[in-house]
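The next block holds one structure in the form of structure tokens; read it before the comments.
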Amino acid sequence: MTFETVKQVRVRYVALIGNPNCGKTTLFNALTGLRQKVGNYPGVTVEKKEGRLTLAGNSEATLLDLPGTYSLNATSPDEKIATDILLGRAEHTQRPDVVVCVVDASNIERNLYLVSQILDRQIPVVVALNMIDVAEEAGIEVDVKMLERELGVPVVATIANKGIGINELKESIANAQSRTAQKRPWSMPALVEEECGELVGLLQQYHKLNENSAFDEALTLLTSPEALEEHRDRFAPELLAHVQKDHERLDFMGIDRQSVVVEARYEWIKSVCGKAVTQAQTSALSTSDKLDRVFTHRIWGFVIFVGLMALIFQTIFTWATVPMDLIGEGFDSIGNHIHEVMPAGDLRDLLINGGLAGVAAVVTFLPQILFLFLFLGLLEDTGYMARAAFIMDRLMSKVGLHGKSFIPMLSSFACAIPGIMATRTIESPKDRLVTMLVSPLVSCSARLPVYALLIAAFIPHDHVLGFLSLPALTLLSMYLLGLVMALSMAWLFKKTLLRGAAPLFIMELPPYKLPSLKSVLLQMWERSKLFLKNAGTIILGVSIILWFLATYPRVEGVTPAEQLQHSFVGKAGQLIEPVIKPLGFDWKIGIGIIASLLQREVFVSTMGTIYNIQNSDDESGSLSLQQQMRNDIDPETGLPVWTALTAICVMVYYVLAMQCMSTLAVLKRETNSWKWPLFQLGYMTALAYVVTFVVYRVGLLWGFGV
Amino acid sequence: MNEVTLSTLTPGERGTIARITTKTSSVRQRLMEMGLTKGTAIELIRYAPMGDPIEVRVKGYRLSLRKLEAETVLVHKEPS
């Protein structure tokens, strides 16, 4: 066997491709070390990861980590990107000089399917036969030399997480040669081959395609049920007429056109594996099987799942508050320091209340993001994530979502930002978008201070049915309202705006394995960096703008409350009063809503300022704030501004309204456009307005308004 | 041999795939590409705790799919 040498490729750009779960990311890390950068492909939400690769003789190349894909018949945007780049059809990314196709040795048959597609394209390719240790454990022996001969391309055995085979792989990449005119190793039934050959000839004649592209198009035209419809404008009518006849002929002969190619490839793979792979008959259950008996058990499966979710929830909801408080205190002391050393004035004010407050708002999210991505990374890397989706799919499918949407929504109880970032594990772009759109409806921890203040001030400490405390019941209702609305809106979006095929739940359950700490930590680092860089700048900007609007125009010699009233924010609060009046809100609440745009809990400190309370954060301050709010009388009507109904309406509004610029910033970063953040802002605010209005009117009818 | 849908197998039952009848061509394509081609051996491993989806073993790996899709996969059931 010789690899027909035509020319030595000067290797500058290398692409890594492979099935999901084949250890591609670990191999990418092993090849590039820490020299990588993450971005997005233009116009899509697919992540682009590139790294530097040092080959023999110190020549440098760029390594591109393509999205994991099972096939080059693109169905999802991820797979389409991979295919387009591989075929040199992508405008944003050059065609790679060499492709490294990662094959999971323990799952070799299905992994070779993608290899068979890549071989058709005559691209210089090296096969990295990864996880050979896992394969050996499962009694699978692969004859690398034989496999190399059968495939006709270099094969290098690797164990990426132990760094084995990496140097050999680099050498193979550097020496990869362009193969041309290699005979296609697999074949279809004679009749199909004949039609395909004719079509290749016609495509070359009518459309001047080269042989490889012509073969590719011919296969699609012959076998895809929709090809004629979809490509009507691309091909000459004579050619399409020919294809139509081919279809009729093949159908008449009883040939299943769609399955014929897939079957032909798998037939070939079977013969390759027959020669190169020996599978020892193991009757014993593998460790993974034993684990699955527990993890997906009817009862234990749930117990473990709930336990793990509780742990994650606990961590991001309470434990993350320890470093968050420390960060907060740190920023406070920096603020105090600036306060001492700088002369009083607008610049000092801007630094402390605008800039520093913005930076603090950004950085305090970090512990939650880090913790969540530590867990997500571990769950994903061990293989448990697929089981979690397996367990929860039934429930999520009721609202038209995928099992994988569960964890992002759960995370959103802590904070929608890590929740939205966690949707990256959802492959279907529509499902991912729906999950991102509804996750902020789930009550996050920033709403809790608002609920706490209003419940303490206005909900009587009575009991319902003798044992349920009314304040606790109110709090629970707010959380449930958010959850029910999130699920309902998901259902609605899936029925209307983002209608499409029901999410395809055809998911591999990879064997359990020990997580690679390096990969997990690297992912945590990348996510945090992306968050700080992209969302961080927007949050900081909003903070400074809000500071400006709450400070200017300056009025001399007035109390902070009067100053706030005279500021742009104060004027805006008064301006929107007619709009929010139907909800039972006055201009003071309007100011609170506008000031909450940075973070919802700012509502509490804004109320403190309005009611002239120092330290509304601590207990005595909070008590006097509650007192002030209860005593506030509307000068026009002589009635109290706040009633229990007002408090409930404000809470309902806070459950449903999109008030968090940070979330919008992250959504912008994740969807790569302002379209969806604006849509989210619009629909959530409209929803909040309508529901609050209904609650207020019904409450008034029932006589709760006094 | 006895042709049944994949969704009617009970855990531990095996068969070979006869054909996939779903009208949605992208689903059919994906199922076949994942290895569910004619003549392939398949075993039902378990149902998810809530009864759906199912887990099968095919071509030496584990795959889960919903009953809705499994109903369109016809298998020749192996007598147990």
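Naming works like this for the structure tokens: A, B, ... for the chains as they're shown, residue 1 at the start of each chain, ligands 1 onward in shown order.
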
Chain A contacts to chain B at 8 Å (only C-alpha atoms) as a compact mmCIF listing (two decimals) with N, CA and C atoms, in the first residue's frame:
# COMPACT_ATOMS: atom_id res chain seq x y z
N TYR A 70 -21.70 13.83 13.85
CA TYR A 70 -21.78 12.41 13.52
C TYR A 70 -21.67 12.18 12.02
N SER A 71 -21.93 13.25 11.26
CA SER A 71 -22.05 13.05 9.83
C SER A 71 -21.80 14.37 9.11
N THR A 75 -27.29 18.73 9.52
CA THR A 75 -28.65 19.00 9.96
C THR A 75 -28.66 20.17 10.93
N ASN A 107 -15.65 2.71 20.15
CA ASN A 107 -16.93 2.82 19.45
C ASN A 107 -16.62 3.00 17.97
N GLU A 109 -17.05 1.39 15.02
CA GLU A 109 -17.91 1.25 13.85
C GLU A 109 -18.63 2.56 13.51
N ARG A 110 -19.32 3.10 14.53
CA ARG A 110 -20.08 4.31 14.25
C ARG A 110 -19.16 5.49 13.96
N TYR A 113 -18.01 5.93 10.35
CA TYR A 113 -18.98 6.46 9.38
C TYR A 113 -18.54 7.84 8.89
N PRO A 225 -34.44 12.59 -0.19
CA PRO A 225 -35.84 12.69 -0.63
C PRO A 225 -36.22 14.11 -1.04
N GLN A 258 -32.89 6.45 0.04
CA GLN A 258 -32.30 7.16 1.17
C GLN A 258 -31.33 6.28 1.95
N SER A 259 -31.67 5.00 2.08
CA SER A 259 -30.83 4.15 2.95
C SER A 259 -29.65 3.54 2.20
N VAL A 262 -26.09 5.03 3.13
CA VAL A 262 -25.73 4.78 4.53
C VAL A 262 -25.40 3.29 4.71
N GLU A 263 -26.24 2.45 4.11
CA GLU A 263 -26.00 1.01 4.23
C GLU A 263 -24.70 0.60 3.57
N TYR A 266 -21.83 1.53 5.84
CA TYR A 266 -21.73 0.64 7.00
C TYR A 266 -21.30 -0.78 6.60
N THR A 296 -29.49 5.17 36.41
CA THR A 296 -30.75 5.32 35.66
C THR A 296 -31.82 4.40 36.23
N HIS A 297 -31.61 3.99 37.48
CA HIS A 297 -32.58 3.13 38.16
C HIS A 297 -33.87 3.91 38.41
N ARG A 298 -34.97 3.17 38.40
CA ARG A 298 -36.28 3.78 38.57
C ARG A 298 -36.37 4.65 39.83
N ILE A 299 -35.75 4.18 40.91
CA ILE A 299 -35.81 4.93 42.17
C ILE A 299 -34.48 5.61 42.46
N GLY A 301 -32.03 6.25 40.56
CA GLY A 301 -31.71 7.23 39.54
C GLY A 301 -32.24 8.61 39.92
N PHE A 302 -33.48 8.63 40.38
CA PHE A 302 -34.09 9.90 40.79
C PHE A 302 -33.42 10.47 42.04
N PHE A 390 -31.48 11.99 29.87
CA PHE A 390 -32.25 10.75 29.69
C PHE A 390 -33.37 10.66 30.73
N ILE A 391 -33.03 11.03 31.97
CA ILE A 391 -34.00 10.95 33.07
C ILE A 391 -35.06 12.04 32.94
N ASP A 393 -35.96 13.87 30.25
CA ASP A 393 -36.53 14.18 28.94
C ASP A 393 -38.05 14.09 28.92
N ARG A 394 -38.59 13.06 29.58
CA ARG A 394 -40.04 12.87 29.58
C ARG A 394 -40.75 14.14 30.06
N LEU A 504 -35.28 16.51 18.44
CA LEU A 504 -34.86 15.15 18.16
C LEU A 504 -34.09 14.64 19.37
N PHE A 505 -34.61 13.62 19.99
CA PHE A 505 -33.87 13.05 21.12
C PHE A 505 -33.27 11.74 20.67
N ILE A 506 -32.21 11.85 19.89
CA ILE A 506 -31.48 10.65 19.49
C ILE A 506 -30.08 10.90 20.02
N MET A 507 -29.86 10.43 21.23
CA MET A 507 -28.67 10.87 21.97
C MET A 507 -27.83 9.68 22.40
N GLU A 508 -26.55 9.83 22.19
CA GLU A 508 -25.63 8.78 22.62
C GLU A 508 -25.49 8.82 24.14
N LEU A 509 -25.38 7.65 24.77
CA LEU A 509 -25.06 7.59 26.19
C LEU A 509 -23.63 7.08 26.31
N PRO A 510 -22.67 7.99 26.37
CA PRO A 510 -21.27 7.55 26.35
C PRO A 510 -20.92 6.81 27.64

Just list the residues in range 5-79 of chain B DSSP gives alpha helix (DSSP H) on the backbone, as a ChimeraX atom specification.
/B:25-33,67-70

Could you write out the selected residues, including C-alpha atoms, as a PDB file, in the first residue's frame?
ATOM      1  CA  SER B  25     -36.613  12.080   6.245  1.00  0.00           C
ATOM      2  CA  SER B  26     -34.167  13.944   8.521  1.00  0.00           C
ATOM      3  CA  VAL B  27     -35.082  11.672  11.438  1.00  0.00           C
ATOM      4  CA  ARG B  28     -34.744   8.621   9.242  1.00  0.00           C
ATOM      5  CA  GLN B  29     -31.367   9.816   7.985  1.00  0.00           C
ATOM      6  CA  ARG B  30     -30.112  10.491  11.503  1.00  0.00           C
ATOM      7  CA  LEU B  31     -31.291   7.115  12.841  1.00  0.00           C
ATOM      8  CA  MET B  32     -29.577   5.294  10.021  1.00  0.00           C
ATOM      9  CA  GLU B  33     -26.393   7.333  10.361  1.00  0.00           C
ATOM     10  CA  LYS B  67     -40.632   5.988  21.996  1.00  0.00           C
ATOM     11  CA  LEU B  68     -42.103   8.217  19.291  1.00  0.00           C
ATOM     12  CA  GLU B  69     -39.069   7.513  17.108  1.00  0.00           C
ATOM     13  CA  ALA B  70     -38.679   3.927  18.332  1.00  0.00           C
TER      14      ALA B  70
END

Can you list, as a ChimeraX atom specification, every protein, DNA or RNA residue that comes within 7 Å of range 597-611 of chain A when you count only C-alpha atoms, leaving out same-chain residues fewer than 4 positions away?
/A:446-447,449-450,542-543,560-561,592-593,616,625,628,659-662

Can you pull out the residues contacting Thr21 in chain B? Cut-off 8 Å, using only C-alpha atoms, and skip same-chain residues under 6 positions away; I want them as an MDAnalysis selection string.
chainID B and resid 28 72:74

List the neighbours of Thr32 in chain A out to 9 Å using only C-alpha atoms; skip same-chain residues closer than 4 positions along the sequence, and give me the result as a PDB file with N, CA and C atoms, in the first residue's frame.
ATOM      1  N   LEU A  27      -8.037  15.910  23.154  1.00  0.00           N
ATOM      2  CA  LEU A  27      -6.948  15.832  22.189  1.00  0.00           C
ATOM      3  C   LEU A  27      -6.523  17.244  21.753  1.00  0.00           C
ATOM      4  N   PHE A  28      -7.510  18.103  21.559  1.00  0.00           N
ATOM      5  CA  PHE A  28      -7.224  19.500  21.194  1.00  0.00           C
ATOM      6  C   PHE A  28      -6.352  20.146  22.276  1.00  0.00           C
ATOM      7  N   GLN A  36      -4.774  28.674  23.265  1.00  0.00           N
ATOM      8  CA  GLN A  36      -5.997  28.628  22.467  1.00  0.00           C
ATOM      9  C   GLN A  36      -6.855  29.867  22.674  1.00  0.00           C
ATOM     10  N   GLU A  50      -9.758  27.929  18.360  1.00  0.00           N
ATOM     11  CA  GLU A  50      -8.504  27.725  17.639  1.00  0.00           C
ATOM     12  C   GLU A  50      -7.332  27.713  18.610  1.00  0.00           C
ATOM     13  N   GLY A  51      -6.295  26.987  18.256  1.00  0.00           N
ATOM     14  CA  GLY A  51      -5.115  26.973  19.098  1.00  0.00           C
ATOM     15  C   GLY A  51      -3.858  26.904  18.252  1.00  0.00           C
ATOM     16  N   ARG A  52      -2.705  27.109  18.916  1.00  0.00           N
ATOM     17  CA  ARG A  52      -1.437  27.024  18.195  1.00  0.00           C
ATOM     18  C   ARG A  52      -0.870  25.626  18.358  1.00  0.00           C
ATOM     19  N   LEU A  53      -0.316  25.143  17.286  1.00  0.00           N
ATOM     20  CA  LEU A  53       0.201  23.788  17.259  1.00  0.00           C
ATOM     21  C   LEU A  53       1.630  23.839  16.749  1.00  0.00           C
ATOM     22  N   THR A  54       2.556  23.319  17.552  1.00  0.00           N
ATOM     23  CA  THR A  54       3.945  23.302  17.102  1.00  0.00           C
ATOM     24  C   THR A  54       4.258  21.942  16.510  1.00  0.00           C
ATOM     25  N   LEU A  63      -4.539  25.190  14.822  1.00  0.00           N
ATOM     26  CA  LEU A  63      -5.417  24.035  14.923  1.00  0.00           C
ATOM     27  C   LEU A  63      -6.826  24.525  15.220  1.00  0.00           C
TER      28      LEU A  63
END

What's the separation between CA of Cys649 in chain A and CA of Ala688 in chain A, in Å to one decimal place?
9.7 Å

Write out, as a Markdown table, each residue of range 434-455 of chain A that has an atom at most 7 Å from range 480-500 of chain A, together with the closest pair of atoms and their distance in Å to one decimal, counting only C-alpha atoms, rows going by chain and rising number.
| residue | atom | partner | partner_atom | distance |
| --- | --- | --- | --- | --- |
| A:Val434 | CA | A:Ala490 | CA | 6.0 |
| A:Val438 | CA | A:Ala486 | CA | 5.0 |
| A:Ser439 | CA | A:Ala486 | CA | 6.4 |
| A:Leu441 | CA | A:Gly482 | CA | 5.2 |
| A:Val442 | CA | A:Gly482 | CA | 4.6 |
| A:Ser443 | CA | A:Gly482 | CA | 5.7 |

Spatial neighbours of Asp143 in chain A, max dist 9 Å, only C-alpha atoms, sep filter under 5 positions, as a PyMOL selection string:
chain A and resi 148+275-278

Export of the given selection (C-alpha atoms) as a PDB file, in the first residue's frame:
ATOM      1  CA  GLU A 148      -4.240   2.153   8.020  1.00  0.00           C
ATOM      2  CA  LYS A 275     -10.081  -7.310   9.253  1.00  0.00           C
ATOM      3  CA  ALA A 276      -8.723  -4.758  11.710  1.00  0.00           C
ATOM      4  CA  VAL A 277     -10.764  -5.170  14.881  1.00  0.00           C
ATOM      5  CA  THR A 278     -11.101  -8.131  17.200  1.00  0.00           C
TER       6      THR A 278
END

For Gly139 in chain A, work out the shell of residues within 12 Å, counting only C-alpha atoms and skipping chain neighbours fewer than 5 positions away, then give it as a count of residues only.
17

List every residue of range 327-538 of chain A that DSSP, applied to the backbone of this structure, assigns to strand (DSSP E or B), and report them as a PyMOL selection string.
chain A and resi 463-464+468-469+506-508

Could you turn the residues from that selection into a file that holds C-alpha atoms, as a short mmCIF file (atom, residue, chain, number, x, y, z; two decimals), in the first residue's frame?
data_model
loop_
_atom_site.label_atom_id
_atom_site.label_comp_id
_atom_site.auth_asym_id
_atom_site.auth_seq_id
_atom_site.Cartn_x
_atom_site.Cartn_y
_atom_site.Cartn_z
CA HIS A 463 -51.43 31.33 58.89
CA VAL A 464 -53.46 29.56 56.27
CA LEU A 468 -48.89 27.49 56.39
CA SER A 469 -47.46 30.91 57.09
CA ILE A 506 -31.48 10.65 19.49
CA MET A 507 -28.67 10.87 21.97
CA GLU A 508 -25.63 8.78 22.62
#

Would you work out the distance separating CA of Leu645 in chain A from CA of His566 in chain A, expressed in Å to one decimal?
28.2 Å
